[in-house]
Amino acid sequence: MVSQEQRRRQLAREKYLRQQQRRTDARRKARIRNSVIASVLGVVVVLSVSVYLTKPFEDDGKKENAGAEVTPSASPSKAPDPCEKPAAGKVEPETWKKEPAMTIDESAKYTMKLDTTCGEIDIALKASAAPHTVNSFNFLAGKGYFDHSKCHRLTNQGIYVLQCGDPQGTGMGGPGYTIPDENLKDKSLKGGVYPAGTVAMANQYNAQTKQGRNSGGSQFFLVYQDSQLPPDYTPFGTVSEAGMKVLKKIATAGAQAPDPQTGNTAPNATVVINKATVAKS
């Protein structure tokens, strides 16, 4: 017969095993949940490869910007389209085999203007801190690469960004070449936050595997509200005050449900870059 002490020990052992199993199950569910979040919040595809953010957010609501004017609902919005019809014309995709030769003056000031269906977004570029990135945008804008392209993605949970720069409008496009990561120690990136107004490169970097550095192409994102992100995405510009109003108008209109093919949450607003220009000031 089993003594009372043996029975007590057996019950304690079973209780311990159940606790361990619950902890294991909880960790497994957390990994699955974080994997889903990371996939939904993926930033870019370059050279026709689908790429996602791989570092999950520990607390989606932890870093909300208390002073922000816009905090859209995470569910799809039914708000009316606040933007105009796109200008006449169509995307003429083109690719190149290698990064363009350096032609900008790193000591000069440059601005990029996105003439969109929702209004003008002016961006002060950081030529000295991110010369390869600014030079690439100067080259691509000069080729009309961004003209008539859609901003294909708007995120409104975890991170708050509008993503543009893919002529395909799917998150799958790129210019055929990649550029190096730059300016990852920018003084504006404090506490793992990309502040509202930041313009940064999307890329293929996987923080878990440490693979995918220097993989930026043409896709970029504009931060309309402080967003918790690791400093892995080249910050190369700052949106003007007037441009922020345009971004917030777009954000207020909300995002659509995830596309079953790409996972992108497209903005409800019809955000099309009619014309992109880079100018030396």
# chains A, B, ... in the order shown; residues from 1 in each chain; ligands from 1
call {"tool": "residues_around", "arguments": {"residues": "Val91 of chain A", "least_positions_apart": "6", "cutoff": "8 Å", "atoms": "only C-alpha atoms", "output": "PyMOL selection string"}}
result
chain A and resi 145-149+167
call {"tool": "residues_around", "arguments": {"residues": "Lys126 of chain A", "least_positions_apart": "4", "cutoff": "9 Å", "atoms": "only C-alpha atoms", "output": "list in words"}}
result
Glu106, Lys109, Tyr110, Thr111, Ala130, Pro131, Thr133, Val134, Pro235, Phe236, Gly237 and Thr238 of chain A
call {"tool": "write_last_selection", "arguments": {"atoms": "N, CA, C and O atoms", "output": "PDB file, in the first residue's frame"}}
result
ATOM      1  N   GLU A 106      27.360  66.136 -49.094  1.00  0.00           N
ATOM      2  CA  GLU A 106      27.020  65.722 -47.734  1.00  0.00           C
ATOM      3  C   GLU A 106      26.956  66.884 -46.748  1.00  0.00           C
ATOM      4  O   GLU A 106      26.347  66.772 -45.681  1.00  0.00           O
ATOM      5  N   LYS A 109      22.193  70.993 -47.260  1.00  0.00           N
ATOM      6  CA  LYS A 109      20.872  70.633 -46.768  1.00  0.00           C
ATOM      7  C   LYS A 109      19.989  70.221 -47.939  1.00  0.00           C
ATOM      8  O   LYS A 109      19.979  70.865 -48.977  1.00  0.00           O
ATOM      9  N   TYR A 110      19.234  69.146 -47.720  1.00  0.00           N
ATOM     10  CA  TYR A 110      18.323  68.651 -48.744  1.00  0.00           C
ATOM     11  C   TYR A 110      16.929  68.471 -48.151  1.00  0.00           C
ATOM     12  O   TYR A 110      16.790  68.160 -46.952  1.00  0.00           O
ATOM     13  N   THR A 111      15.939  68.655 -48.981  1.00  0.00           N
ATOM     14  CA  THR A 111      14.558  68.420 -48.565  1.00  0.00           C
ATOM     15  C   THR A 111      13.885  67.521 -49.598  1.00  0.00           C
ATOM     16  O   THR A 111      14.190  67.592 -50.794  1.00  0.00           O
ATOM     17  N   ALA A 130      23.179  60.367 -43.034  1.00  0.00           N
ATOM     18  CA  ALA A 130      22.753  59.206 -43.825  1.00  0.00           C
ATOM     19  C   ALA A 130      22.977  59.489 -45.308  1.00  0.00           C
ATOM     20  O   ALA A 130      22.032  59.528 -46.096  1.00  0.00           O
ATOM     21  N   PRO A 131      24.220  59.683 -45.723  1.00  0.00           N
ATOM     22  CA  PRO A 131      24.497  60.093 -47.106  1.00  0.00           C
ATOM     23  C   PRO A 131      24.075  59.082 -48.166  1.00  0.00           C
ATOM     24  O   PRO A 131      23.567  59.458 -49.227  1.00  0.00           O
ATOM     25  N   THR A 133      21.658  56.916 -48.011  1.00  0.00           N
ATOM     26  CA  THR A 133      20.194  56.899 -48.078  1.00  0.00           C
ATOM     27  C   THR A 133      19.671  58.125 -48.811  1.00  0.00           C
ATOM     28  O   THR A 133      18.828  58.017 -49.717  1.00  0.00           O
ATOM     29  N   VAL A 134      20.162  59.296 -48.442  1.00  0.00           N
ATOM     30  CA  VAL A 134      19.710  60.528 -49.080  1.00  0.00           C
ATOM     31  C   VAL A 134      20.109  60.540 -50.553  1.00  0.00           C
ATOM     32  O   VAL A 134      19.326  60.954 -51.421  1.00  0.00           O
ATOM     33  N   PRO A 235      17.213  56.222 -39.681  1.00  0.00           N
ATOM     34  CA  PRO A 235      16.438  57.464 -39.663  1.00  0.00           C
ATOM     35  C   PRO A 235      17.136  58.487 -40.562  1.00  0.00           C
ATOM     36  O   PRO A 235      18.297  58.803 -40.337  1.00  0.00           O
ATOM     37  N   PHE A 236      16.436  58.957 -41.582  1.00  0.00           N
ATOM     38  CA  PHE A 236      17.114  59.837 -42.542  1.00  0.00           C
ATOM     39  C   PHE A 236      16.363  61.137 -42.817  1.00  0.00           C
ATOM     40  O   PHE A 236      16.777  61.917 -43.676  1.00  0.00           O
ATOM     41  N   GLY A 237      15.293  61.401 -42.086  1.00  0.00           N
ATOM     42  CA  GLY A 237      14.570  62.648 -42.312  1.00  0.00           C
ATOM     43  C   GLY A 237      13.572  62.950 -41.209  1.00  0.00           C
ATOM     44  O   GLY A 237      13.286  62.104 -40.361  1.00  0.00           O
ATOM     45  N   THR A 238      13.078  64.192 -41.245  1.00  0.00           N
ATOM     46  CA  THR A 238      12.086  64.646 -40.272  1.00  0.00           C
ATOM     47  C   THR A 238      10.962  65.376 -40.996  1.00  0.00           C
ATOM     48  O   THR A 238      11.217  66.282 -41.792  1.00  0.00           O
TER      49      THR A 238
END
call {"tool": "residues_around", "arguments": {"residues": "Ser218 of chain A", "least_positions_apart": "4", "cutoff": "8 Å", "atoms": "only C-alpha atoms", "output": "list of chain:residue names"}}
result
A:Val46, A:Phe137, A:Gly165, A:Asp166, A:Gly174, A:Pro175, A:Met201
call {"tool": "write_last_selection", "arguments": {"atoms": "N, CA, C and O atoms", "output": "compact mmCIF listing (two decimals), in the first residue's frame"}}
result
# COMPACT_ATOMS: atom_id res chain seq x y z
N VAL A 46 12.36 43.69 -49.80
CA VAL A 46 13.30 44.22 -50.77
C VAL A 46 13.69 43.08 -51.70
O VAL A 46 13.84 41.95 -51.27
N PHE A 137 17.66 58.37 -52.46
CA PHE A 137 16.36 59.02 -52.66
C PHE A 137 16.45 60.14 -53.68
O PHE A 137 15.52 60.36 -54.47
N GLY A 165 6.86 53.85 -50.74
CA GLY A 165 8.11 53.62 -51.46
C GLY A 165 8.17 52.37 -52.30
O GLY A 165 9.22 52.04 -52.84
N ASP A 166 7.03 51.67 -52.43
CA ASP A 166 6.99 50.48 -53.27
C ASP A 166 6.09 50.74 -54.47
O ASP A 166 4.87 50.81 -54.33
N GLY A 174 11.15 46.76 -54.86
CA GLY A 174 12.40 47.42 -54.52
C GLY A 174 13.10 47.88 -55.78
O GLY A 174 12.70 47.51 -56.89
N PRO A 175 14.15 48.68 -55.64
CA PRO A 175 14.82 49.27 -56.81
C PRO A 175 15.84 48.34 -57.48
O PRO A 175 16.46 48.73 -58.46
N MET A 201 14.11 54.12 -42.96
CA MET A 201 14.12 53.06 -43.97
C MET A 201 13.54 51.76 -43.41
O MET A 201 13.82 51.38 -42.28
call {"tool": "closest_residue", "arguments": {"among": "A:Thr262, A:Gly176, A:Ser215, A:Tyr160", "to": "Ile250 of chain A", "atoms": "only C-alpha atoms"}}
result
A:Tyr160
call {"tool": "residues_around", "arguments": {"residues": "Ile121 of chain A", "least_positions_apart": "2", "cutoff": "10 Å", "atoms": "only C-alpha atoms", "output": "VMD selection string"}}
result
chain A and resid 112 to 116 118 to 119 123 239 to 247 273 276
call {"tool": "closest_residue", "arguments": {"among": "A:Asp122, A:Glu92, A:Asp226, A:Glu99", "to": "Ala196 of chain A", "atoms": "only C-alpha atoms"}}
result
A:Asp226
call {"tool": "atom_distance", "arguments": {"atom1": "atom CA of Asn203 of chain A", "atom2": "atom CA of Ala269 of chain A"}}
result
24.5 Å
call {"tool": "residues_around", "arguments": {"residues": "segment 187-194 of chain A", "least_positions_apart": "5", "cutoff": "7 Å", "atoms": "only C-alpha atoms", "output": "list of chain:residue names"}}
result
A:Asp226, A:Ser227, A:Gln228, A:Leu229, A:Pro230, A:Pro231
call {"tool": "closest_atom_pairs", "arguments": {"of": "segment 177-234 of chain A", "to": "segment 150-153 of chain A", "cutoff": "10 Å", "atoms": "only C-alpha atoms", "output": "CSV"}}
result
residue,atom,partner,partner_atom,distance
A:Gln219,CA,A:Cys151,CA,9.5
A:Phe220,CA,A:Cys151,CA,9.6
A:Phe221,CA,A:Arg153,CA,9.0
call {"tool": "select_by_dssp", "arguments": {"residues": "segment 75-265 of chain A", "states": "helix (DSSP H, G or I)", "output": "PyMOL selection string"}}
result
chain A and resi 131-142+241-252
call {"tool": "residues_around", "arguments": {"residues": "Lys98 of chain A", "least_positions_apart": "3", "cutoff": "12 Å", "atoms": "only C-alpha atoms", "output": "list in words"}}
result
Thr95, Ala101, Met102, Ser136, Gly174, Pro175, Gly176, Tyr177, Thr178, Ile179 and Gly217 of chain A
call {"tool": "atom_distance", "arguments": {"atom1": "atom CA of Gly216 of chain A", "atom2": "atom CA of Gly169 of chain A"}}
result
16.7 Å
call {"tool": "closest_residue", "arguments": {"among": "A:Tyr224, A:Thr170, A:Arg22, A:Ile104", "to": "Gly263 of chain A", "atoms": "only C-alpha atoms"}}
result
A:Thr170
call {"tool": "atom_distance", "arguments": {"atom1": "atom CA of Val161 of chain A", "atom2": "atom CA of Ala207 of chain A"}}
result
19.4 Å
call {"tool": "residues_around", "arguments": {"residues": "Pro86 of chain A", "least_positions_apart": "4", "cutoff": "7 Å", "atoms": "only C-alpha atoms", "output": "list of chain:residue names"}}
result
A:Thr117, A:Val272, A:Asn274
call {"tool": "write_last_selection", "arguments": {"atoms": "all heavy atoms", "output": "compact mmCIF listing (two decimals), in the first residue's frame"}}
result
# COMPACT_ATOMS: atom_id res chain seq x y z
N THR A 117 -1.95 62.74 -52.63
CA THR A 117 -3.38 62.99 -52.78
C THR A 117 -4.01 63.55 -51.51
O THR A 117 -5.12 64.07 -51.54
CB THR A 117 -4.10 61.68 -53.15
OG1 THR A 117 -3.69 60.65 -52.23
CG2 THR A 117 -3.77 61.25 -54.57
N VAL A 272 -1.65 58.36 -52.37
CA VAL A 272 -0.84 58.16 -53.55
C VAL A 272 0.17 59.30 -53.66
O VAL A 272 -0.20 60.48 -53.49
CB VAL A 272 -1.70 58.09 -54.83
CG1 VAL A 272 -0.81 57.99 -56.08
CG2 VAL A 272 -2.66 56.91 -54.77
N ASN A 274 1.72 61.57 -55.86
CA ASN A 274 1.63 62.05 -57.24
C ASN A 274 3.00 62.37 -57.80
O ASN A 274 3.31 62.06 -58.95
CB ASN A 274 0.72 63.27 -57.32
CG ASN A 274 -0.74 62.95 -57.06
OD1 ASN A 274 -1.24 61.91 -57.48
ND2 ASN A 274 -1.43 63.85 -56.38
